[in-house]
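Peer 1: Please find protein.txt (compact mmCIF, C-alpha atoms) on the next line:
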# COMPACT_ATOMS: atom_id res chain seq x y z
CA MET F 1 -25.55 -109.86 43.08
CA ASN F 2 -28.69 -112.03 42.83
CA VAL F 3 -30.30 -112.00 39.39
CA GLU F 4 -33.79 -113.30 38.93
CA VAL F 5 -34.52 -114.98 35.65
CA GLY F 6 -37.98 -115.24 34.06
CA GLN F 7 -39.29 -117.25 31.10
CA LEU F 8 -40.89 -116.09 27.88
CA THR F 9 -43.03 -118.79 26.09
CA HIS F 10 -43.38 -118.54 22.29
CA ALA F 11 -46.27 -119.88 20.23
CA ASP F 12 -44.22 -122.95 19.20
CA GLY F 13 -43.54 -123.76 22.82
CA ARG F 14 -39.94 -122.34 22.98
CA LYS F 15 -38.98 -120.52 26.12
CA ASP F 16 -36.51 -117.63 26.46
CA LEU F 17 -34.98 -116.29 29.62
CA ILE F 18 -35.40 -112.62 30.52
CA SER F 19 -33.05 -111.09 33.01
CA ALA F 20 -34.18 -108.70 35.70
CA ASP F 21 -31.77 -106.05 34.34
CA ALA F 22 -33.92 -105.43 31.30
CA THR F 23 -36.91 -104.92 33.52
CA ASN F 24 -34.97 -102.41 35.62
CA ASP F 25 -33.94 -100.40 32.50
CA GLU F 26 -37.55 -100.07 31.50
CA ASP F 27 -38.51 -98.86 34.96
CA LEU F 28 -35.69 -96.32 34.91
CA SER F 29 -36.78 -95.09 31.51
CA GLU F 30 -40.28 -94.56 32.83
CA THR F 31 -38.91 -92.69 35.83
CA LYS F 32 -36.81 -90.28 33.70
CA GLY F 33 -39.48 -89.78 31.16
CA PHE F 34 -40.64 -86.45 32.62
CA PHE F 35 -37.17 -84.80 32.83
CA THR F 36 -36.36 -84.72 29.12
CA LYS F 37 -34.53 -82.15 27.02
CA LYS F 38 -37.83 -80.60 26.04
CA THR F 39 -39.12 -80.23 29.58
CA SER F 40 -35.79 -78.92 30.87
CA PHE F 41 -35.66 -76.39 28.02
CA MET F 42 -39.17 -75.23 28.87
CA LEU F 43 -38.42 -75.12 32.57
CA PHE F 44 -35.01 -73.40 32.55
CA VAL F 45 -35.14 -71.28 29.37
CA ILE F 46 -38.65 -70.59 28.13
CA LEU F 47 -40.36 -70.04 31.48
CA PRO F 48 -37.73 -67.61 32.92
CA SER F 49 -37.64 -65.78 29.57
CA ILE F 50 -41.42 -65.35 29.68
CA VAL F 51 -41.17 -64.03 33.24
CA ALA F 52 -38.42 -61.60 32.18
CA ALA F 53 -40.45 -60.50 29.17
CA VAL F 54 -43.48 -59.80 31.35
CA TYR F 55 -41.31 -57.87 33.82
CA TYR F 56 -39.63 -55.68 31.22
CA ALA F 57 -42.84 -55.15 29.25
CA PHE F 58 -45.30 -54.39 32.04
CA VAL F 59 -43.53 -54.07 35.40
CA ALA F 60 -40.08 -52.46 35.02
CA SER F 61 -40.17 -48.72 35.73
CA SER F 62 -38.91 -46.34 33.09
CA GLN F 63 -35.71 -44.45 33.94
CA TYR F 64 -34.84 -41.02 32.55
CA ILE F 65 -31.37 -39.63 31.93
CA SER F 66 -30.31 -36.05 32.63
CA GLU F 67 -26.86 -35.08 31.37
CA SER F 68 -24.80 -32.01 32.28
CA ARG F 69 -21.43 -30.84 31.00
CA MET F 70 -19.16 -28.50 32.89
CA VAL F 71 -15.54 -27.46 33.31
CA VAL F 72 -13.53 -26.04 36.22
CA ARG F 73 -12.03 -22.63 35.45
CA THR F 74 -9.69 -20.24 37.25
CA ILE F 75 -9.34 -16.54 36.50
CA GLY F 76 -6.76 -14.10 37.79
CA VAL F 77 -3.74 -16.36 37.24
CA SER F 78 -0.45 -14.47 37.45
CA GLU F 79 1.70 -14.00 34.37
CA GLN F 80 4.48 -16.23 35.71
CA PHE F 81 2.08 -19.15 35.61
CA ASP F 82 1.04 -18.31 32.06
CA THR F 83 4.62 -18.28 30.83
CA SER F 84 5.69 -21.45 32.58
CA GLU F 85 2.55 -23.53 32.06
CA LYS F 86 0.83 -24.43 28.83
CA ARG F 87 -2.51 -24.79 30.60
CA ASP F 88 -4.71 -22.06 31.97
CA GLY F 89 -3.08 -21.78 35.35
CA ARG F 90 -2.57 -24.03 38.32
CA SER F 91 -4.82 -26.20 40.40
CA ILE F 92 -6.53 -24.69 43.42
CA ILE F 93 -4.66 -27.20 45.58
CA GLY F 94 -1.26 -26.43 44.11
CA GLY F 95 -1.10 -28.79 41.15
CA ASP F 96 0.06 -27.94 37.66
CA SER F 97 -3.21 -28.49 35.83
CA LEU F 98 -6.86 -27.65 36.27
CA THR F 99 -7.66 -31.17 35.07
CA GLN F 100 -6.84 -32.23 38.60
CA ASP F 101 -9.68 -30.02 39.85
CA SER F 102 -12.01 -31.73 37.39
CA TYR F 103 -11.17 -35.12 38.88
CA ILE F 104 -11.80 -33.69 42.34
CA VAL F 105 -15.27 -32.57 41.28
CA ALA F 106 -16.01 -35.91 39.60
CA ASN F 107 -14.99 -37.79 42.74
CA TYR F 108 -17.05 -35.46 44.93
CA LEU F 109 -20.16 -36.14 42.83
CA GLN F 110 -19.95 -39.77 43.96
CA SER F 111 -19.05 -39.07 47.58
CA PRO F 112 -21.19 -39.80 50.66
CA GLN F 113 -21.07 -36.11 51.58
CA LEU F 114 -22.88 -35.14 48.37
CA VAL F 115 -25.50 -37.84 48.99
CA ARG F 116 -26.12 -36.44 52.46
CA ILE F 117 -26.45 -32.90 51.10
CA LEU F 118 -28.87 -33.97 48.36
CA ASN F 119 -30.91 -36.00 50.83
CA ASP F 120 -31.24 -32.97 53.11
CA ARG F 121 -32.08 -30.53 50.33
CA ILE F 122 -34.28 -32.43 47.87
CA GLY F 123 -35.14 -35.68 49.68
CA LEU F 124 -33.02 -38.06 47.62
CA HIS F 125 -34.14 -41.08 49.63
CA ASP F 126 -37.82 -40.34 48.97
CA MET F 127 -37.21 -39.89 45.24
CA PHE F 128 -35.69 -43.35 44.92
CA SER F 129 -38.16 -45.13 47.22
CA LYS F 130 -41.48 -44.06 45.68
CA LEU F 131 -44.13 -46.76 45.55
CA THR F 132 -44.65 -46.05 41.85
CA ILE F 133 -41.21 -47.56 41.19
CA ASP F 134 -41.19 -51.31 40.68
CA TRP F 135 -40.05 -53.43 43.61
CA PHE F 136 -36.85 -54.63 41.95
CA SER F 137 -35.69 -51.11 41.03
CA ARG F 138 -36.68 -48.93 43.94
CA LEU F 139 -34.73 -48.24 47.12
CA PRO F 140 -36.29 -49.89 50.18
CA GLY F 141 -38.08 -47.44 52.41
CA THR F 142 -36.13 -48.66 55.44
CA ALA F 143 -32.75 -48.34 53.71
CA LYS F 144 -29.91 -46.87 55.76
CA PHE F 145 -27.65 -44.08 54.59
CA GLU F 146 -24.97 -46.53 53.49
CA ASP F 147 -27.55 -48.32 51.33
CA LEU F 148 -28.62 -44.98 49.87
CA HIS F 149 -25.01 -44.20 48.95
CA LYS F 150 -24.57 -47.58 47.24
CA TYR F 151 -27.83 -47.00 45.36
CA TRP F 152 -26.64 -43.53 44.34
CA LEU F 153 -23.49 -44.98 42.80
CA GLN F 154 -25.75 -47.04 40.52
CA GLN F 155 -27.73 -43.96 39.46
CA VAL F 156 -24.86 -41.52 38.80
CA ASP F 157 -22.01 -41.62 36.33
CA THR F 158 -19.17 -39.13 35.87
CA TYR F 159 -16.63 -38.89 33.09
CA VAL F 160 -13.65 -36.54 32.83
CA ASP F 161 -12.06 -35.78 29.48
CA GLY F 162 -8.35 -35.63 30.32
CA PRO F 163 -7.05 -33.16 27.71
CA SER F 164 -9.84 -30.59 28.15
CA GLY F 165 -10.91 -31.25 31.75
CA ILE F 166 -14.59 -31.36 30.74
CA ILE F 167 -16.81 -33.17 33.26
CA ILE F 168 -19.86 -35.09 32.02
CA LEU F 169 -22.42 -35.79 34.76
CA THR F 170 -25.15 -38.34 34.03
CA ILE F 171 -28.05 -38.78 36.46
CA ARG F 172 -30.59 -41.62 36.21
CA ALA F 173 -34.00 -41.19 37.89
CA PHE F 174 -37.53 -42.57 37.58
CA SER F 175 -39.20 -39.36 36.42
CA PRO F 176 -38.06 -36.54 34.11
CA ASP F 177 -38.46 -33.86 36.78
CA ASP F 178 -36.53 -35.86 39.37
CA ALA F 179 -33.64 -36.41 36.96
CA ALA F 180 -33.32 -32.68 36.21
CA THR F 181 -33.78 -31.70 39.87
CA ILE F 182 -31.13 -34.10 41.11
CA SER F 183 -28.67 -33.03 38.40
CA ARG F 184 -29.05 -29.31 39.17
CA ALA F 185 -28.80 -29.85 42.93
CA ALA F 186 -25.66 -31.96 42.46
CA MET F 187 -24.02 -29.26 40.31
CA GLN F 188 -24.91 -26.60 42.87
CA ALA F 189 -23.37 -28.66 45.67
CA ALA F 190 -20.23 -29.26 43.57
CA ASN F 191 -19.93 -25.54 42.87
CA GLU F 192 -20.20 -24.80 46.59
CA MET F 193 -17.49 -27.38 47.27
CA ILE F 194 -15.18 -25.74 44.71
CA ASP F 195 -15.85 -22.33 46.27
CA MET F 196 -15.09 -23.71 49.72
CA ILE F 197 -11.82 -25.30 48.59
CA SER F 198 -10.83 -22.15 46.67
CA GLU F 199 -11.50 -19.88 49.65
CA LYS F 200 -9.66 -22.25 51.96
CA ALA F 201 -6.70 -22.30 49.57
CA LYS F 202 -6.66 -18.49 49.59
CA ARG F 203 -6.81 -18.37 53.39
CA ASP F 204 -4.07 -20.98 53.68
CA LEU F 205 -1.89 -19.05 51.22
CA ILE F 206 -2.27 -15.84 53.21
CA LYS F 207 -1.88 -17.69 56.51
CA ARG F 208 1.38 -19.26 55.37
CA GLY F 209 2.62 -15.84 54.27
CA GLU F 210 1.71 -14.34 57.64
CA ASN F 211 3.38 -17.18 59.52
CA ASP F 212 6.54 -16.80 57.44
CA MET F 213 6.52 -13.05 58.07
CA ASP F 214 6.02 -13.50 61.83
CA LEU F 215 8.86 -16.02 61.98
CA ALA F 216 11.18 -13.75 59.99
CA LEU F 217 10.21 -10.78 62.17
CA ASN F 218 11.02 -12.71 65.35
CA GLN F 219 14.40 -13.71 63.93
CA TYR F 220 15.09 -10.12 62.92
CA ARG F 221 14.18 -8.85 66.40
CA LYS F 222 16.41 -11.48 67.99
CA ALA F 223 19.31 -10.41 65.78
CA LEU F 224 18.77 -6.78 66.81
CA ASP F 225 18.59 -7.73 70.48
CA ASP F 226 21.79 -9.78 70.25
CA LEU F 227 23.62 -6.91 68.55
CA ARG F 228 22.31 -4.36 71.06
CA GLU F 229 23.28 -6.57 73.99
CA TYR F 230 26.80 -6.98 72.63
CA GLN F 231 27.13 -3.24 72.10
CA ASN F 232 26.01 -2.58 75.66
CA GLU F 233 28.49 -5.13 77.05
CA THR F 234 31.46 -3.78 75.08
CA GLY F 235 30.46 -0.12 74.97
CA ILE F 236 31.31 -0.07 71.27
CA LEU F 237 28.61 0.77 68.78
CA ASP F 238 30.71 0.02 65.70
CA PRO F 239 34.21 -1.46 66.07
CA LEU F 240 35.13 -0.55 62.51
CA ALA F 241 34.16 3.08 62.97
CA SER F 242 35.91 3.14 66.36
CA ALA F 243 39.04 1.68 64.78
CA LYS F 244 39.00 4.34 62.09
CA MET F 245 38.58 7.01 64.73
CA SER F 246 41.42 5.58 66.83
CA ASN F 247 43.71 5.44 63.81
CA ALA F 248 42.86 9.06 63.06
CA VAL F 249 43.70 10.03 66.65
CA ILE F 250 46.94 8.05 66.50
CA ALA F 251 47.88 9.79 63.27
CA LYS F 252 47.15 13.18 64.83
CA LEU F 253 49.14 12.37 67.93
CA THR F 254 52.04 11.07 65.84
CA GLU F 255 52.00 14.30 63.88
CA GLN F 256 52.10 16.32 67.12
CA LYS F 257 54.88 14.10 68.47
CA LEU F 258 56.89 14.66 65.29
CA THR F 259 56.55 18.46 65.62
CA LEU F 260 57.53 18.42 69.27
CA THR F 261 60.45 16.10 68.58
CA VAL F 262 61.75 18.49 65.89
CA ASN F 263 61.51 21.40 68.33
CA LEU F 264 63.27 19.40 71.05
CA ASN F 265 66.07 18.42 68.68
CA SER F 266 66.48 22.06 67.70
CA MET F 267 66.82 23.10 71.32
CA ARG F 268 69.34 20.30 71.89
CA ALA F 269 71.35 21.55 69.00
CA ALA F 270 71.31 25.02 70.54
CA GLY F 271 72.49 23.60 73.90
CA ALA F 272 69.22 24.40 75.65
CA ASP F 273 68.15 20.83 76.29
CA ASN F 274 68.12 21.44 80.05
CA SER F 275 65.91 24.47 79.87
CA ALA F 276 62.38 24.50 81.25
CA ARG F 277 61.06 24.58 77.71
CA ALA F 278 63.02 21.46 76.76
CA ARG F 279 61.84 19.62 79.87
CA ASP F 280 58.19 20.49 78.99
CA LEU F 281 58.69 19.21 75.49
CA LYS F 282 60.10 15.93 76.82
CA ARG F 283 57.15 15.45 79.20
CA THR F 284 54.70 16.27 76.40
CA ILE F 285 56.35 13.79 74.04
CA GLU F 286 56.24 11.09 76.74
CA ALA F 287 52.54 11.77 77.33
CA ILE F 288 51.86 11.60 73.60
CA ASP F 289 53.72 8.26 73.43
CA GLU F 290 51.54 6.90 76.21
CA GLN F 291 48.39 8.00 74.37
CA ILE F 292 49.63 6.48 71.11
CA LYS F 293 50.44 3.21 72.90
CA LEU F 294 47.04 3.21 74.57
CA ARG F 295 45.26 3.86 71.28
CA GLN F 296 47.27 1.20 69.50
CA ASP F 297 46.52 -1.38 72.21
CA SER F 298 42.81 -0.57 72.04
CA VAL F 299 42.84 -1.34 68.30
CA ALA F 300 45.17 -4.36 68.19
CA GLY F 301 48.26 -5.76 69.83
CA ASN F 302 49.52 -8.23 72.39
CA ASP F 303 48.89 -5.98 75.39
CA MET F 304 45.27 -5.72 76.47
CA PRO F 305 44.00 -2.21 77.16
CA SER F 306 42.83 -1.20 80.58
CA ALA F 307 39.20 -1.36 79.39
CA GLY F 308 39.72 -5.04 78.54
CA VAL F 309 38.29 -4.86 75.00
CA GLN F 310 40.26 -4.71 71.78
CA LEU F 311 38.61 -3.53 68.62
CA SER F 312 40.28 -6.29 66.59
CA SER F 313 38.75 -9.03 68.77
CA SER F 314 35.34 -7.39 69.02
CA LEU F 315 35.24 -6.77 65.27
CA THR F 316 34.79 -10.52 64.53
CA GLU F 317 31.82 -10.97 66.84
CA PHE F 318 30.36 -7.66 65.76
CA SER F 319 30.65 -8.64 62.10
CA ARG F 320 28.84 -11.94 62.80
CA LEU F 321 26.04 -10.20 64.62
CA GLU F 322 25.80 -7.45 62.02
CA THR F 323 25.71 -10.01 59.19
CA GLN F 324 22.94 -11.89 61.02
CA ARG F 325 21.02 -8.66 61.36
CA ILE F 326 21.38 -7.83 57.67
CA VAL F 327 20.35 -11.34 56.58
CA THR F 328 17.31 -11.51 58.86
CA GLN F 329 16.29 -8.03 57.78
CA ALA F 330 16.47 -9.07 54.12
CA ILE F 331 14.45 -12.21 54.86
CA TYR F 332 11.85 -10.21 56.73
CA GLU F 333 11.52 -7.71 53.90
CA SER F 334 11.18 -10.60 51.45
CA THR F 335 8.39 -12.23 53.49
CA VAL F 336 6.58 -8.90 53.65
CA ARG F 337 6.69 -8.65 49.86
CA ASN F 338 5.58 -12.29 49.52
CA LEU F 339 2.65 -11.65 51.83
CA ASP F 340 1.59 -8.65 49.77
CA THR F 341 1.85 -10.76 46.62
CA ALA F 342 -0.17 -13.58 48.23
CA LYS F 343 -2.92 -11.18 49.26
CA SER F 344 -3.01 -9.64 45.80
CA THR F 345 -3.12 -13.08 44.16
CA ALA F 346 -5.87 -14.24 46.50
CA LEU F 347 -7.99 -11.21 45.66
CA LYS F 348 -7.55 -11.63 41.91
CA ARG F 349 -7.78 -15.44 41.71
CA THR F 350 -11.19 -17.13 41.50
CA THR F 351 -11.96 -20.80 40.78
CA PHE F 352 -15.46 -21.78 39.71
CA ILE F 353 -17.46 -24.36 37.76
CA SER F 354 -18.60 -23.20 34.33
CA VAL F 355 -21.64 -25.16 33.09
CA PHE F 356 -21.94 -24.99 29.31
CA SER F 357 -24.60 -27.72 28.97
CA ASP F 358 -27.18 -27.47 31.72
CA ALA F 359 -29.47 -30.28 32.85
CA GLU F 360 -32.70 -30.39 30.82
CA ILE F 361 -35.90 -32.29 31.57
CA PRO F 362 -35.72 -35.48 29.48
CA GLU F 363 -38.70 -36.28 27.26
CA LYS F 364 -38.04 -39.97 26.66
CA SER F 365 -36.86 -42.77 28.92
CA ARG F 366 -33.63 -44.46 27.94
CA TYR F 367 -33.59 -47.25 30.51
CA PRO F 368 -34.29 -50.03 30.82
CA GLN F 369 -33.55 -51.12 27.28
CA ARG F 370 -36.30 -53.67 27.48
CA PHE F 371 -35.79 -55.79 24.37
CA SER F 372 -32.00 -55.72 24.59
CA GLN F 373 -31.94 -56.76 28.22
CA TRP F 374 -34.56 -59.46 27.64
CA LEU F 375 -32.49 -60.75 24.72
CA ILE F 376 -29.39 -60.87 26.91
CA ILE F 377 -31.27 -62.85 29.56
CA PHE F 378 -32.69 -65.26 26.98
CA GLY F 379 -29.28 -65.76 25.38
CA GLY F 380 -27.65 -66.32 28.75
CA LEU F 381 -30.24 -68.87 29.82
CA LEU F 382 -30.00 -70.67 26.49
CA THR F 383 -26.23 -70.83 26.73
CA LEU F 384 -26.34 -72.18 30.27
CA TRP F 385 -28.96 -74.78 29.31
CA MET F 386 -26.97 -75.96 26.32
CA THR F 387 -23.80 -76.21 28.39
CA ALA F 388 -25.52 -78.12 31.17
CA THR F 389 -27.18 -80.46 28.63
CA LEU F 390 -23.90 -81.23 26.91
CA ILE F 391 -22.24 -81.96 30.25
CA TRP F 392 -25.10 -84.25 31.29
CA MET F 393 -25.03 -86.11 27.98
CA SER F 394 -21.30 -86.58 28.30
CA ILE F 395 -21.76 -88.06 31.76
CA GLU F 396 -24.49 -90.40 30.53
CA ASP F 397 -22.29 -91.56 27.67
CA HIS F 398 -19.54 -92.49 30.10
CA ARG F 399 -21.97 -94.59 32.17
CA VAL F 400 -22.82 -96.88 29.21
For this file, write the structure as structure tokens.
Peer 2:
Amino acid sequence: MNVEVGQLTHADGRKDLISADATNDEDLSETKGFFTKKTSFMLFVILPSIVAAVYYAFVASSQYISESRMVVRTIGVSEQFDTSEKRDGRSIIGGDSLTQDSYIVANYLQSPQLVRILNDRIGLHDMFSKLTIDWFSRLPGTAKFEDLHKYWLQQVDTYVDGPSGIIILTIRAFSPDDAATISRAAMQAANEMIDMISEKAKRDLIKRGENDMDLALNQYRKALDDLREYQNETGILDPLASAKMSNAVIAKLTEQKLTLTVNLNSMRAAGADNSARARDLKRTIEAIDEQIKLRQDSVAGNDMPSAGVQLSSSLTEFSRLETQRIVTQAIYESTVRNLDTAKSTALKRTTFISVFSDAEIPEKSRYPQRFSQWLIIFGGLLTLWMTATLIWMSIEDHRV
């Protein structure tokens, strides 16, 4: 580095050398003279705070709050719900608590569907894009629906008290009438949504009951058809009854055979076993034996009857089919009772929104909180300035 050296002449003639570095420090000091702590404080703290104060004092539009309180209620709950649940019934969608319905309503109040309904009914977009609203607060006139929904989320607040299920709806608007109008329209739309869900739940409950009944009826008819087809194939309506009848016939024939055998033995004892009467008795006994054998084979045995069907073998299949018929009949009767119960429950059960604190027209604006927000801005700017100044001073100290 080349360093130029100058001379300083004193009154007594002595000369001192002055380096060029000292001259450069003075020039640098003159260059940084404008950007001092005072000017930076004025530029980055005081000036923005004045702008914010002017905005909040004279420009920022007043915002009014409309608050509503409501709760979702269900009437016509059956006694079995009251004994098994500590709350007032079940949710319209099958849950165990009406608090779940309250969360559904709270979520719906922030949904795009509600925004679309409010925009169609009361012109929500126009309310938030009035020219009387300051530029920083109002919704742009060319805003799309998605922008309107995002803006709506800034203007609405919902709170659900878990133990009681109470819903608190807070609407923020730029005029008292708009705040009350929006709040009432939102509650009306939420009530319509609850009615729609409740009616759909009723229809679904009845529809499920009807579907179950139709399915059980088809199974019952199939069981009857299978049993009827088997009866037609075998020619036996009831194997058990047929077996009882065959046993009764066998017992009767055995009794007749016993009587005839006694008579034949008597004739043999009298030496008339070759008489025409004795021969008739023998033929009758033989015929009765054939009938007894035939009846016994038709009930059970190793020899198949001429008809090809034994009651013992058909009894197993018949019992299966008959059991299937009885079971499907019981299921069908149960589904019929369930359907009647579902229809009765649907007629008695009603879910609705009960508003116990309606939206009133506010008399005083609550937002913006001008002094508080200005104080927050001033404190934030001051903190940032102090932090930046300390960092800069630390850097300068390390350069020395």
Peer 1: Would you compute the box with edges along x, y and z of the file around range 221-233 of chain F, including every atom the file lists for it and 4 Å extra on each side, and give its centre and edge lengths in Å to one decimal, as lines of an AutoDock Vina configuration file?
Peer 2:
center_x = 21.3
center_y = -7.0
center_z = 71.4
size_x = 22.3
size_y = 16.9
size_z = 19.3
Peer 1: Looking at F:Ser354, F:Thr36, F:Asn263, F:Thr158, which one is nearest to Asn107 in chain F, with distances taken over only C-alpha atoms?
Peer 2: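 Closest to Asn107 in chain F, using only C-alpha atoms: F:Thr158.
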Peer 1: Calculated over all atoms listed in the file, which of the candidates F:Ser137, F:Gln154, F:Ser275, F:Asn247 has the smallest distance to Phe174 in chain F?
Peer 2: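 Closest candidate: F:Ser137.
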Peer 1: What's the 8 Å shell around Tyr56 in chain F, counting all atoms listed in the file, without same-chain residues fewer than 3 positions away, as a list of chain:residue names?
Peer 2: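 Near Tyr56 in chain F, the qualifying residues are F:Ala52, F:Ala53, F:Val59, F:Ala60, F:Pro368, F:Arg370, F:Phe371, F:Trp374.
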Peer 1: Excluding Ala186 in chain F and residues on its chain fewer than 3 positions from it, collect all residues at most 9 Å away from it, counting all atoms listed in the file, and give them as a PyMOL selection string.
Peer 2: chain F and resi 109+114-115+117-118+181-183+189-191
Peer 1: At a cut-off of 10 Å, using only C-alpha atoms, what residues contact Met193 in chain F? Leave out same-chain residues fewer than 6 positions from it and give the result as number ranges by chain.
Peer 2: F: 104-105, 108, 114, 187, 199, 352-353
Peer 1: Could you work out how far CA of Asn119 in chain F lies from CA of Glu192 in chain F, giving the answer in Å with one decimal?
Peer 2: 16.1 Å
Peer 1: For the atom pair CA of Ile250 in chain F and CA of Asp280 in chain F, what is the interatomic distance in Å to one decimal place?
Peer 2: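 These two atoms are separated by 20.9 Å.
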Peer 1: Around (-34.5, -39.8, 37.6) in the file's own coordinates, what residues are found within 12 Å if you use all atoms listed in the file, given back as a PyMOL selection string?
Peer 2: chain F and resi 61-67+124+126-130+133+137-138+152+154-156+170-184+359-367
Peer 1: Which residue gives the smallest distance to Gln188 in chain F among F:Leu281, F:Val355, F:Leu217, F:Leu224, with all atoms listed in the file counted?
Peer 2: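 Answer, going by the shortest atom-to-atom distance: F:Val355.
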Peer 1: Hey, what's within 10 Å of Gly162 in chain F if we count all atoms listed in the file and toss same-chain stuff fewer than 3 positions away? As a list in words, please?
Peer 2: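 The residues that qualify are Thr99, Gln100, Ser102, Tyr103, Tyr159, Gly165, Ile166 and Ile167 of chain F.
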Peer 1: Given only C-alpha atoms as the basis, pick out the residue of F:Ile75, F:Val262, F:Leu43, F:Ala269 nearest to Lys282 in chain F.
Peer 2: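 That would be F:Val262, the residue with the smallest distance to Lys282 in chain F.
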Peer 1: Dump as a Markdown table the rows for residues of range 159-206 of chain F within 12 Å of range 329-340 of chain F: closest atom pair and distance in Å with one decimal, all atoms listed in the file counted, ordered by chain and rising residue number.
Peer 2:
| residue | atom | partner | partner_atom | distance |
| --- | --- | --- | --- | --- |
| F:Lys202 | CA | F:Leu339 | CA | 11.8 |
| F:Arg203 | CA | F:Leu339 | CA | 11.7 |
| F:Asp204 | CA | F:Leu339 | CA | 11.6 |
| F:Leu205 | CA | F:Leu339 | CA | 8.7 |
| F:Ile206 | CA | F:Leu339 | CA | 6.6 |
